[in-house]
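**Student:** Structure file protein-v1.cif, mmCIF, C-alpha atoms and all ligand atoms, is pasted below:
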```cif
data_structure
loop_
_atom_site.label_atom_id
_atom_site.label_comp_id
_atom_site.auth_asym_id
_atom_site.auth_seq_id
_atom_site.Cartn_x
_atom_site.Cartn_y
_atom_site.Cartn_z
CA MET A 283 0.00 0.00 0.00
CA ASN A 284 1.30 3.43 -0.87
CA GLU A 285 2.63 5.49 2.04
CA SER A 286 0.67 8.58 1.08
CA LEU A 287 -2.67 6.85 0.65
CA ASP A 288 -4.16 8.49 3.74
CA PHE A 289 -3.18 11.89 2.34
CA LYS A 290 -4.72 11.06 -1.05
CA LEU A 291 -7.97 10.04 0.65
CA ARG A 292 -7.99 13.29 2.57
CA CYS A 293 -7.61 15.14 -0.75
CA LEU A 294 -10.50 13.14 -2.22
CA ALA A 295 -12.64 14.14 0.77
CA LYS A 296 -11.78 17.80 0.17
CA GLU A 297 -12.68 17.50 -3.51
CA SER A 298 -16.03 15.91 -2.62
CA LEU A 299 -16.73 18.66 -0.11
CA THR A 300 -15.95 21.36 -2.68
CA ARG A 301 -18.38 19.77 -5.15
CA ALA A 302 -21.04 19.37 -2.45
CA LYS A 303 -20.78 23.04 -1.48
CA LYS A 304 -21.03 24.05 -5.14
CA TYR A 305 -24.23 22.02 -5.59
CA LEU A 306 -25.71 23.41 -2.37
CA ALA A 307 -25.06 26.97 -3.56
CA GLU A 308 -27.30 26.36 -6.59
CA THR A 309 -31.02 27.02 -6.37
CA ASP A 310 -31.90 23.85 -8.27
CA ASN A 311 -33.32 21.55 -5.58
CA TYR A 312 -32.45 18.42 -7.53
CA LEU A 313 -28.74 19.18 -7.08
CA ILE A 314 -29.17 18.55 -3.35
CA ARG A 315 -29.05 14.84 -4.14
CA SER A 316 -25.71 15.29 -5.88
CA ALA A 317 -24.50 17.18 -2.80
CA ALA A 318 -25.70 14.36 -0.52
CA LEU A 319 -23.82 11.82 -2.61
CA GLU A 320 -20.60 13.89 -2.47
CA LEU A 321 -20.95 14.31 1.31
CA ARG A 322 -21.27 10.54 1.68
CA LEU A 323 -18.13 10.09 -0.40
CA ALA A 324 -16.35 12.66 1.79
CA ILE A 325 -17.32 10.74 4.95
CA GLU A 326 -16.07 7.48 3.42
CA SER A 327 -12.76 9.06 2.38
CA ILE A 328 -12.20 10.54 5.85
CA VAL A 329 -12.92 7.19 7.54
CA TYR A 330 -10.70 5.20 5.15
CA SER A 331 -7.94 7.76 5.55
CA ARG A 332 -7.95 7.20 9.29
CA ALA A 333 -8.21 3.42 8.86
CA TYR A 334 -4.90 3.61 7.00
CA LYS A 335 -3.27 4.34 10.37
CA TYR A 336 -4.54 0.95 11.53
CA ARG A 337 -3.56 -1.01 8.43
CA ASP A 338 -1.07 -3.19 10.31
CA GLU A 339 -3.71 -4.37 12.78
CA LEU A 340 -6.58 -4.78 10.33
CA SER A 341 -6.85 -7.88 8.17
CA CYS A 342 -7.15 -7.84 4.38
CA ASN A 343 -10.85 -8.59 4.80
CA ASP A 344 -11.20 -5.63 7.17
CA LEU A 345 -9.59 -3.35 4.61
CA GLU A 346 -12.13 -4.53 2.01
CA THR A 347 -14.96 -3.29 4.25
CA TRP A 348 -16.59 -0.28 2.68
CA GLN A 349 -19.28 0.67 5.21
CA PRO A 350 -17.74 3.52 7.25
CA ARG A 351 -19.54 2.45 10.42
CA LYS A 352 -18.06 -1.06 10.23
CA VAL A 353 -14.60 0.31 9.53
CA LEU A 354 -14.96 2.52 12.59
CA ASP A 355 -16.03 -0.43 14.73
CA LEU A 356 -12.97 -2.37 13.60
CA MET A 357 -10.68 0.51 14.52
CA LEU A 358 -12.35 0.95 17.89
CA ALA A 359 -11.74 -2.73 18.63
CA VAL A 360 -8.02 -2.07 18.13
CA ASN A 361 -7.98 1.23 19.98
CA PRO A 362 -11.01 2.39 21.98
CA ILE A 363 -10.14 6.05 21.51
CA ALA A 364 -9.48 5.73 17.77
CA TRP A 365 -11.98 8.49 17.00
CA LYS A 366 -11.28 10.98 19.70
CA GLY A 367 -10.32 14.50 18.66
CA THR A 368 -6.87 15.49 19.83
CA GLU A 369 -5.21 18.67 21.00
CA LEU A 370 -1.43 18.89 21.21
CA SER A 371 0.34 21.35 23.50
CA LEU A 372 4.01 21.80 24.39
CA GLU A 373 5.24 22.92 27.75
CA VAL A 374 7.63 25.81 27.23
CA ASP A 375 10.06 26.62 30.02
CA ASP A 376 10.64 30.33 29.65
CA THR A 377 12.26 30.95 33.03
CA ALA A 378 14.09 34.03 31.77
CA SER A 379 10.78 35.83 31.42
CA LYS A 380 8.09 36.44 33.99
CA THR A 381 5.82 33.84 32.44
CA GLY A 382 7.99 30.85 33.45
CA LYS A 383 6.60 27.47 32.42
CA ARG A 384 3.55 27.57 30.23
CA TRP A 385 1.68 25.38 27.80
CA VAL A 386 1.59 26.41 24.15
CA LYS A 387 -1.06 24.89 21.94
CA ILE A 388 0.44 23.46 18.74
CA GLY A 389 -2.71 22.29 17.07
CA ALA A 390 -5.98 20.46 17.34
CA GLU A 391 -7.83 17.87 15.37
CA VAL A 392 -11.58 17.85 14.96
CA SER A 393 -12.35 14.25 14.20
CA LEU A 394 -15.39 12.65 12.69
CA THR A 395 -16.77 10.47 15.49
CA LEU A 396 -18.71 7.24 15.35
CA GLN A 397 -21.75 9.22 16.52
CA ASP A 398 -21.30 11.65 13.61
CA VAL A 399 -21.14 8.81 11.10
CA LYS A 400 -24.14 7.03 12.64
CA LYS A 401 -26.13 10.25 12.65
CA HIS A 402 -25.35 11.53 9.18
CA TYR A 403 -24.22 8.79 6.77
CA ASP A 404 -27.53 6.93 6.52
CA ALA A 405 -29.50 10.19 6.55
CA LEU A 406 -27.57 11.30 3.46
CA GLY A 407 -28.24 7.90 1.89
CA SER A 408 -31.97 8.36 2.41
CA PHE A 409 -31.84 11.52 0.26
CA LEU A 410 -30.63 9.42 -2.68
CA HIS A 411 -33.91 7.51 -2.92
CA THR A 412 -37.32 8.38 -4.22
CA PRO A 413 -39.56 9.24 -1.26
CA THR A 414 -41.73 6.33 -0.16
CA LEU A 415 -45.47 6.30 -0.86
CA ALA A 416 -46.11 7.14 2.79
CA GLN A 417 -43.77 10.15 2.65
CA LEU A 418 -45.28 11.38 -0.62
CA SER A 419 -48.87 10.95 0.64
CA LYS A 420 -47.97 13.01 3.68
CA SER A 421 -46.02 15.85 2.09
CA GLY A 422 -46.77 15.61 -1.63
CA SER A 423 -43.12 16.13 -2.65
CA PRO A 424 -39.64 15.64 -1.24
CA ASP A 425 -38.91 18.04 1.61
CA PHE A 426 -36.11 19.91 -0.15
CA LEU A 427 -35.89 22.60 2.53
CA ARG A 428 -35.13 20.00 5.20
CA MET A 429 -32.72 18.13 2.94
CA ARG A 430 -30.80 21.30 2.08
CA LYS A 431 -30.55 22.36 5.73
CA ARG A 432 -29.31 18.90 6.76
CA CYS A 433 -26.74 18.83 3.95
CA ILE A 434 -25.45 22.29 4.89
CA ASP A 435 -25.04 21.21 8.54
CA ILE A 436 -23.14 18.08 7.50
CA SER A 437 -21.05 20.05 5.03
CA ASP A 438 -20.07 22.47 7.86
CA LEU A 439 -19.10 19.53 10.07
CA ILE A 440 -16.98 17.91 7.35
CA GLU A 441 -15.33 21.24 6.61
CA SER A 442 -14.31 21.66 10.26
CA VAL A 443 -12.86 18.13 10.21
CA LEU A 444 -10.93 18.76 7.00
CA ASN A 445 -9.71 22.19 8.14
CA SER A 446 -8.00 20.77 11.24
CA ASN A 447 -4.33 21.71 11.28
CA MET A 448 -3.53 18.20 12.58
CA TRP A 449 -5.15 15.02 11.38
CA ASN A 450 -5.11 11.26 11.87
CA ILE A 451 -3.19 11.64 15.15
CA ARG A 452 -3.06 8.25 16.79
CA ILE A 453 -2.91 7.98 20.58
CA ASN A 454 -3.40 4.45 21.85
CA VAL A 455 -5.19 3.00 24.81
CA GLU A 456 -3.65 -0.42 25.18
CA VAL A 457 -6.22 -3.20 25.32
CA CYS A 458 -4.65 -6.49 26.40
CA LEU A 459 -6.86 -9.35 25.32
CA PRO A 460 -5.84 -12.98 24.79
CA GLU A 461 -6.85 -15.18 21.88
CA CYS A 462 -10.51 -16.02 21.37
CA LEU A 463 -11.39 -19.33 23.07
CA ARG A 464 -13.52 -20.35 20.09
CA CYS A 465 -11.56 -19.34 16.99
CA ASP A 466 -8.03 -18.97 18.44
CA GLN A 467 -7.63 -15.63 16.68
CA PRO A 468 -6.45 -12.57 18.62
CA LEU A 469 -9.57 -11.34 20.37
CA ARG A 470 -10.76 -7.99 19.11
CA ILE A 471 -13.65 -6.45 20.98
CA PHE A 472 -14.42 -2.79 21.41
CA VAL A 473 -13.93 -1.94 25.06
CA ASP A 474 -14.75 1.40 26.57
CA PRO A 475 -11.78 2.25 28.84
CA LYS A 476 -14.09 4.27 31.09
CA LYS A 477 -16.12 1.18 31.91
CA GLU A 478 -14.90 -1.44 34.35
CA VAL A 479 -17.06 -4.10 32.70
CA ASN A 480 -17.52 -4.41 28.95
CA ARG A 481 -19.54 -6.85 26.90
CA GLY A 482 -18.91 -7.68 23.29
CA LYS A 483 -18.39 -10.24 20.59
CA CYS A 484 -15.26 -11.54 18.88
CA PHE A 485 -15.03 -9.75 15.53
CA ASN A 486 -13.88 -12.95 13.87
CA CYS A 487 -16.37 -15.58 15.04
CA GLY A 488 -19.02 -13.74 17.07
CA ALA A 489 -18.28 -15.50 20.40
CA GLY A 490 -19.58 -13.36 23.27
CA TYR A 491 -17.57 -12.24 26.31
CA THR A 492 -17.86 -10.13 29.41
CA ILE A 493 -14.53 -8.43 30.07
CA LYS A 494 -13.38 -6.81 33.28
CA ASP A 495 -10.34 -4.54 33.61
CA ALA A 496 -9.46 -4.72 29.90
CA THR A 497 -6.90 -1.93 30.01
CA ASP A 498 -4.92 -2.70 33.17
CA GLY A 499 -2.84 -5.55 31.74
CA SER A 500 -4.71 -8.41 33.42
CA PRO A 501 -8.17 -8.59 31.84
CA LYS A 502 -10.67 -11.06 33.26
CA LEU A 503 -12.76 -12.75 30.59
CA LYS A 504 -16.04 -14.53 31.08
CA PRO A 505 -17.11 -16.33 27.92
CA HIS A 506 -20.85 -16.36 27.28
CA GLN A 507 -21.27 -20.11 27.56
CA SER A 508 -23.68 -22.54 29.21
CA LYS A 509 -23.13 -26.10 30.37
CA ILE A 510 -25.68 -28.46 28.84
CA PRO A 511 -25.90 -31.89 30.56
CA CYS A 512 -26.27 -35.03 28.43
CA VAL A 513 -29.93 -36.05 28.05
CA ASP A 514 -29.00 -39.63 29.04
CA ASP A 515 -29.60 -39.83 32.81
CA GLN A 516 -26.88 -42.46 33.11
CA CYS A 517 -24.24 -40.21 31.55
CA HIS A 518 -22.51 -37.40 33.42
CA GLY A 519 -21.26 -35.76 30.26
CA GLU A 520 -21.72 -32.02 29.78
CA ALA A 521 -21.33 -30.02 26.61
CA ILE A 522 -20.33 -26.38 26.72
CA LEU A 523 -22.29 -24.28 24.24
CA TRP A 524 -21.79 -20.63 23.44
CA THR A 525 -24.90 -18.49 23.88
CA ASP A 526 -25.15 -17.85 20.14
CA GLN A 527 -25.17 -21.62 19.51
CA ILE A 528 -28.31 -22.13 21.59
CA VAL A 529 -30.72 -21.85 18.68
CA VAL A 530 -33.22 -24.34 17.31
CA GLY A 531 -31.49 -26.87 15.08
CA TYR A 532 -27.98 -26.61 16.59
CA GLU A 533 -26.39 -30.06 16.90
CA TRP A 534 -23.59 -31.49 19.03
CA ALA A 535 -22.45 -34.81 20.43
CA CYS A 536 -22.06 -35.50 24.16
CA PRO A 537 -18.28 -35.30 24.85
CA LEU A 538 -18.51 -38.37 27.13
CA CYS A 539 -20.87 -40.88 25.47
CA GLY A 540 -21.09 -39.40 21.98
CA LEU A 541 -24.91 -39.24 22.01
CA GLU A 542 -26.14 -36.84 19.32
CA HIS A 543 -28.12 -33.84 20.60
CA GLN A 544 -30.10 -31.12 18.90
CA ILE A 545 -31.75 -27.94 20.21
CA SER A 546 -35.49 -28.03 19.55
CA PHE A 547 -38.68 -26.39 20.75
CA CYS A 548 -40.43 -28.06 23.62
CA ALA A 549 -43.71 -27.09 25.28
CA SER A 550 -44.28 -28.17 28.84
CA GLU A 551 -46.86 -27.72 31.54
CA LYS A 552 -46.45 -24.44 33.39
CA ALA A 553 -45.00 -25.00 36.84
CA ASN A 554 -47.09 -23.58 39.67
ZN ZN A 601 -13.45 -15.73 17.93
ZN ZN A 602 -23.59 -38.40 27.32
#
```
Using structure tokens, write down the structure from this file.
Ligand SMILES: [Zn+2]
Ligand SMILES: [Zn+2]

**Tutor:**
Amino acid sequence: MNESLDFKLRCLAKESLTRAKKYLAETDNYLIRSAALELRLAIESIVYSRAYKYRDELSCNDLETWQPRKVLDLMLAVNPIAWKGTELSLEVDDTASKTGKRWVKIGAEVSLTLQDVKKHYDALGSFLHTPTLAQLSKSGSPDFLRMRKRCIDISDLIESVLNSNMWNIRINVEVCLPECLRCDQPLRIFVDPKKEVNRGKCFNCGAGYTIKDATDGSPKLKPHQSKIPCVDDQCHGEAILWTDQIVVGYEWACPLCGLEHQISFCASEKAN
């Protein structure tokens, strides 16, 4: 992958924003859709540009992901503060003057957060479709005034992101997780460092876990599993099933006697 790919993506985002602003400046309401499309492209370019900083931790499959929200989730699983805005300051020791030690701000990054993407990306997508029958029966025509206002707000947000004098700054919160008990791949789960207890699923196989103290070097993992005793009363075998395996039709063999089992519906008399 080219070293300057993140920069190129940033340039693409700027080009999309310029086109979006041009369309929004026109009075023709039908150009709002073109603006919405360009704003979506800008969001994608910004997200991919940041993902480039995580290219060593993301798999080839991850890098094929095109939905910005999914890409963000993948990055957050690597680094829970992947989308935090950053401000950098330097402490200057100017003892010769009266001011002495002081902090000097070098720059700040406005970043596009997961909340921003969730809030705006799909909304822009909805502008690219013909209004539904229900919407048309209610309003008679697309609500161009609302669409234009929303696009202008999003355009302002993207502009503030792209005008940051620092960008794609990466500060890590170390998350120390072992390999997944089910797929043996390094466990990647988004953990919020502010929370003592997190719940999530392995990105690779979907196995569920409750994780305590994920960022202090000795995380405690509780896999979401249940022990299912063998249906043969004479056998003391127990199978361990993950919560997501307990669905109708799932099959397994007792680890002790080999008896085949299957999850199925069963109605029984209500206990009093
Ligand atoms: Zn797994
Ligand atoms: Zn058994």

**Student:** Just want the residues within 10 Å of ligand ZN 602 (chain A), written as a ChimeraX atom specification, counting only C-alpha atoms and all ligand atoms.

**Tutor:** /A:511-521,535-543

**Student:** Quick one: residues within 6 Å of stretch 404-415 of chain A, all atoms listed in the file, excluding same-chain residues fewer than 3 positions away - as a list in words?

**Tutor:** Arg315, Ala318, Leu418 and Ser419 of chain A

**Student:** Generate a file of the selected residues that holds C-alpha atoms, formatted as a CSV table (one decimal), in the coordinates of the input.

**Tutor:**
```csv
chain,number,residue,atom,x,y,z
A,315,ARG,CA,-29.0,14.8,-4.1
A,318,ALA,CA,-25.7,14.4,-0.5
A,418,LEU,CA,-45.3,11.4,-0.6
A,419,SER,CA,-48.9,11.0,0.6
```

**Student:** I'd like to know which of A:Arg464, A:Lys383, A:Arg481, A:Lys400 is closest to ligand ZN 601 (chain A), using all atoms listed in the file.

**Tutor:** A:Arg464

**Student:** Would you be able to write out as a PyMOL selection string which residues have an atom within 7 Å of (-16.1, -8.9, 19.1) in the file's coordinates, counting all atoms listed in the file?

**Tutor:** chain A and resi 470-472+482-486+488

**Student:** Excluding same-chain residues fewer than 5 positions from stretch 336-347 of chain A, what lies within 12 Å of it counting only C-alpha atoms, as an MDAnalysis selection string?

**Tutor:** chainID A and resid 283:285 287:288 326 329:331 352:361 364:365 450:454 467:470 485:486

**Student:** In Å to one decimal, how far is atom CA of A:Lys296 from atom CA of A:Ile328?

**Tutor:** 9.2 Å

**Student:** Would you mind completing stretch 361-393 of chain A to N, CA and C atoms and writing the output as an mmCIF file, keeping the file's coordinate frame?

**Tutor:**
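Output (rebuild_35.cif):
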```cif
data_model
loop_
_atom_site.group_PDB
_atom_site.id
_atom_site.type_symbol
_atom_site.label_atom_id
_atom_site.label_comp_id
_atom_site.auth_asym_id
_atom_site.auth_seq_id
_atom_site.Cartn_x
_atom_site.Cartn_y
_atom_site.Cartn_z
ATOM 1 N N ASN A 361 -8.323 0.111 19.101
ATOM 2 C CA ASN A 361 -7.980 1.230 19.980
ATOM 3 C C ASN A 361 -9.263 1.971 20.366
ATOM 4 N N PRO A 362 -9.691 1.829 21.608
ATOM 5 C CA PRO A 362 -11.010 2.390 21.980
ATOM 6 C C PRO A 362 -11.127 3.898 21.870
ATOM 7 N N ILE A 363 -10.005 4.590 21.687
ATOM 8 C CA ILE A 363 -10.140 6.050 21.510
ATOM 9 C C ILE A 363 -9.737 6.450 20.090
ATOM 10 N N ALA A 364 -9.909 5.486 19.153
ATOM 11 C CA ALA A 364 -9.480 5.730 17.770
ATOM 12 C C ALA A 364 -10.118 6.971 17.159
ATOM 13 N N TRP A 365 -11.281 7.366 17.631
ATOM 14 C CA TRP A 365 -11.980 8.490 17.000
ATOM 15 C C TRP A 365 -12.099 9.714 17.862
ATOM 16 N N LYS A 366 -11.229 9.799 18.839
ATOM 17 C CA LYS A 366 -11.280 10.980 19.700
ATOM 18 C C LYS A 366 -10.517 12.127 19.026
ATOM 19 N N GLY A 367 -11.045 13.324 19.122
ATOM 20 C CA GLY A 367 -10.320 14.500 18.660
ATOM 21 C C GLY A 367 -9.116 14.701 19.577
ATOM 22 N N THR A 368 -8.105 15.350 19.061
ATOM 23 C CA THR A 368 -6.870 15.490 19.830
ATOM 24 C C THR A 368 -6.420 16.942 19.835
ATOM 25 N N GLU A 369 -5.827 17.343 20.950
ATOM 26 C CA GLU A 369 -5.210 18.670 21.000
ATOM 27 C C GLU A 369 -3.787 18.463 21.490
ATOM 28 N N LEU A 370 -2.827 19.048 20.803
ATOM 29 C CA LEU A 370 -1.430 18.890 21.210
ATOM 30 C C LEU A 370 -0.893 20.214 21.737
ATOM 31 N N SER A 371 -0.283 20.147 22.927
ATOM 32 C CA SER A 371 0.340 21.350 23.500
ATOM 33 C C SER A 371 1.749 21.005 23.934
ATOM 34 N N LEU A 372 2.617 21.985 23.934
ATOM 35 C CA LEU A 372 4.010 21.800 24.390
ATOM 36 C C LEU A 372 4.234 22.663 25.612
ATOM 37 N N GLU A 373 4.926 22.106 26.587
ATOM 38 C CA GLU A 373 5.240 22.920 27.750
ATOM 39 C C GLU A 373 6.542 23.680 27.470
ATOM 40 N N VAL A 374 6.464 24.976 27.515
ATOM 41 C CA VAL A 374 7.630 25.810 27.230
ATOM 42 C C VAL A 374 8.158 26.356 28.550
ATOM 43 N N ASP A 375 9.457 26.145 28.785
ATOM 44 C CA ASP A 375 10.060 26.620 30.020
ATOM 45 C C ASP A 375 10.783 27.931 29.732
ATOM 46 N N ASP A 376 10.083 29.018 29.962
ATOM 47 C CA ASP A 376 10.640 30.330 29.650
ATOM 48 C C ASP A 376 10.990 31.036 30.966
ATOM 49 N N THR A 377 11.965 30.451 31.687
ATOM 50 C CA THR A 377 12.260 30.950 33.030
ATOM 51 C C THR A 377 12.888 32.348 33.010
ATOM 52 N N ALA A 378 13.474 32.703 31.859
ATOM 53 C CA ALA A 378 14.090 34.030 31.770
ATOM 54 C C ALA A 378 13.034 35.134 31.827
ATOM 55 N N SER A 379 11.834 34.811 31.395
ATOM 56 C CA SER A 379 10.780 35.830 31.420
ATOM 57 C C SER A 379 9.894 35.618 32.648
ATOM 58 N N LYS A 380 8.982 36.524 32.833
ATOM 59 C CA LYS A 380 8.090 36.440 33.990
ATOM 60 C C LYS A 380 7.131 35.252 33.887
ATOM 61 N N THR A 381 6.853 34.863 32.649
ATOM 62 C CA THR A 381 5.820 33.840 32.440
ATOM 63 C C THR A 381 6.232 32.454 32.976
ATOM 64 N N GLY A 382 7.526 32.151 32.963
ATOM 65 C CA GLY A 382 7.990 30.850 33.450
ATOM 66 C C GLY A 382 7.473 29.725 32.573
ATOM 67 N N LYS A 383 7.100 28.601 33.208
ATOM 68 C CA LYS A 383 6.600 27.470 32.420
ATOM 69 C C LYS A 383 5.178 27.724 31.961
ATOM 70 N N ARG A 384 4.922 27.403 30.724
ATOM 71 C CA ARG A 384 3.550 27.570 30.230
ATOM 72 C C ARG A 384 3.315 26.583 29.092
ATOM 73 N N TRP A 385 2.055 26.311 28.876
ATOM 74 C CA TRP A 385 1.680 25.380 27.800
ATOM 75 C C TRP A 385 1.324 26.178 26.539
ATOM 76 N N VAL A 386 1.886 25.736 25.420
ATOM 77 C CA VAL A 386 1.590 26.410 24.150
ATOM 78 C C VAL A 386 0.883 25.405 23.241
ATOM 79 N N LYS A 387 -0.296 25.790 22.802
ATOM 80 C CA LYS A 387 -1.060 24.890 21.940
ATOM 81 C C LYS A 387 -0.435 24.836 20.539
ATOM 82 N N ILE A 388 -0.167 23.616 20.072
ATOM 83 C CA ILE A 388 0.440 23.460 18.740
ATOM 84 C C ILE A 388 -0.648 23.266 17.682
ATOM 85 N N GLY A 389 -1.652 22.524 18.041
ATOM 86 C CA GLY A 389 -2.710 22.290 17.070
ATOM 87 C C GLY A 389 -3.810 21.418 17.639
ATOM 88 N N ALA A 390 -4.859 21.272 16.886
ATOM 89 C CA ALA A 390 -5.980 20.460 17.340
ATOM 90 C C ALA A 390 -6.612 19.757 16.155
ATOM 91 N N GLU A 391 -7.156 18.613 16.434
ATOM 92 C CA GLU A 391 -7.830 17.870 15.370
ATOM 93 C C GLU A 391 -9.310 17.712 15.723
ATOM 94 N N VAL A 392 -10.149 18.149 14.820
ATOM 95 C CA VAL A 392 -11.580 17.850 14.960
ATOM 96 C C VAL A 392 -11.769 16.539 14.217
ATOM 97 N N SER A 393 -12.205 15.518 14.915
ATOM 98 C CA SER A 393 -12.350 14.250 14.200
ATOM 99 C C SER A 393 -13.819 13.896 14.000
#
```
